[in-house]
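Asks: Just dropping this structure here.
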Amino acid sequence: VKRDIVADESWMEYANCLGLDPDWFFPGRGMTDDLRQAKAVCAACSVREQCLEYALNPKRPMVYGVFGGTSERERRQIRAARRREQVA
Ligand code: SF4
């Protein structure tokens, strides 16, 4: 399923962030480092799960920005937790 999300990007047309200011999602690049606007948009997004798995894909991880309602730091924590689960 995760591989499909990466190969098939058709879910992106349902992204709630389409057309919005990218600076909301890539703080530090723009004038703000406030993640609240981006996270609110993600919270109302119907493809949030797909977006998060897309961003977590180990072969092509999205290191910067907000994806699937998560910050860069939160995704690092999710990746680390998943690695721990695999080892256990
Ligand atoms: S979860 Fe957030 S970043 Fe991902 S598509 Fe939806 S609105 Fe955009």
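Chain labels follow the order of the structure tokens: the first chain is A, the next B, and so on; residue numbering restarts at 1 in every chain, and ligands are counted from 1 in their shown order.
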Would you pick out the contacts of Leu35 in chain A at 8 Å or less, using only C-alpha atoms, so that residues sharing its chain but fewer than 6 positions from it are not included, and give the list as a list of chain:residue names?

Replies: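 My reading of the contact set: A:Trp24, A:Phe25, A:Pro27, A:Val66, A:Ser71.
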
Asks: Would you write out those residues with all heavy atoms, as a compact mmCIF listing (two decimals), in the first residue's frame?

Replies:
```txt
# COMPACT_ATOMS: atom_id res chain seq x y z
N TRP A 24 3.63 28.61 4.27
CA TRP A 24 2.98 28.05 5.46
C TRP A 24 3.54 26.66 5.76
O TRP A 24 3.63 26.26 6.92
CB TRP A 24 1.48 27.86 5.22
CG TRP A 24 0.68 29.12 5.14
CD1 TRP A 24 1.17 30.39 5.15
CD2 TRP A 24 -0.73 29.22 5.02
NE1 TRP A 24 0.13 31.28 5.04
CE2 TRP A 24 -1.04 30.58 4.96
CE3 TRP A 24 -1.76 28.29 4.96
CZ2 TRP A 24 -2.35 31.04 4.85
CZ3 TRP A 24 -3.05 28.74 4.84
CH2 TRP A 24 -3.35 30.10 4.79
N PHE A 25 3.89 25.95 4.69
CA PHE A 25 4.28 24.54 4.83
C PHE A 25 5.80 24.36 4.92
O PHE A 25 6.27 23.30 5.27
CB PHE A 25 3.70 23.73 3.66
CG PHE A 25 2.20 23.66 3.71
CD1 PHE A 25 1.42 24.68 3.20
CD2 PHE A 25 1.58 22.60 4.34
CE1 PHE A 25 0.04 24.65 3.28
CE2 PHE A 25 0.19 22.54 4.44
CZ PHE A 25 -0.58 23.58 3.90
N PRO A 27 8.18 26.53 6.69
CA PRO A 27 8.57 27.66 7.53
C PRO A 27 10.09 27.80 7.57
O PRO A 27 10.81 26.81 7.48
CB PRO A 27 8.02 27.29 8.91
CG PRO A 27 7.86 25.81 8.88
CD PRO A 27 7.56 25.45 7.46
N VAL A 66 5.97 20.75 6.24
CA VAL A 66 4.84 20.06 6.87
C VAL A 66 4.17 19.17 5.82
O VAL A 66 3.83 19.62 4.73
CB VAL A 66 3.81 21.09 7.40
CG1 VAL A 66 2.55 20.39 7.89
CG2 VAL A 66 4.43 21.91 8.53
N SER A 71 5.32 17.91 11.40
CA SER A 71 6.51 18.73 11.17
C SER A 71 7.69 17.81 10.83
O SER A 71 7.59 16.58 10.95
CB SER A 71 6.84 19.52 12.45
OG SER A 71 7.19 18.60 13.48
```

Asks: Could you report the residues within 9 Å of ligand 1, using only C-alpha atoms and all ligand atoms, as a VMD selection string?

Replies: chain A and resid 11 to 18 25 38 to 52 54 to 55 65 to 70

Asks: Rank nothing, just name the residue among A:Arg76, A:Tyr64, A:Gln86, A:Glu53 nearest to Phe26 in chain A, using only C-alpha atoms.

Replies: A:Tyr64

Asks: Looking at A:Asp23, A:Gly28, A:Arg36, A:Leu56, which one is nearest to Ile78 in chain A, with distances taken over only C-alpha atoms?

Replies: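 Of A:Asp23, A:Gly28, A:Arg36, A:Leu56, the one nearest Ile78 in chain A, counting only C-alpha atoms, is A:Leu56.
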
Asks: Within chain A, find each residue whose DSSP state, derived from the backbone, is helix (DSSP H, G or I), and express the selection as a PyMOL selection string.

Replies: chain A and resi 2-7+10-14+22-25+36-43+48-56+72-87

Asks: Suppose you want the space between CA of Asp34 in chain A and CA of Glu74 in chain A; what is it in Å?

Replies: 14.8 Å

Asks: Find, counting only C-alpha atoms, the residue in A:Val87, A:Val63, A:Asn57, A:Arg73 that gets nearest to Ala7 in chain A.

Replies: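 Residue with the minimum atom-to-atom distance to Ala7 in chain A: A:Asn57.
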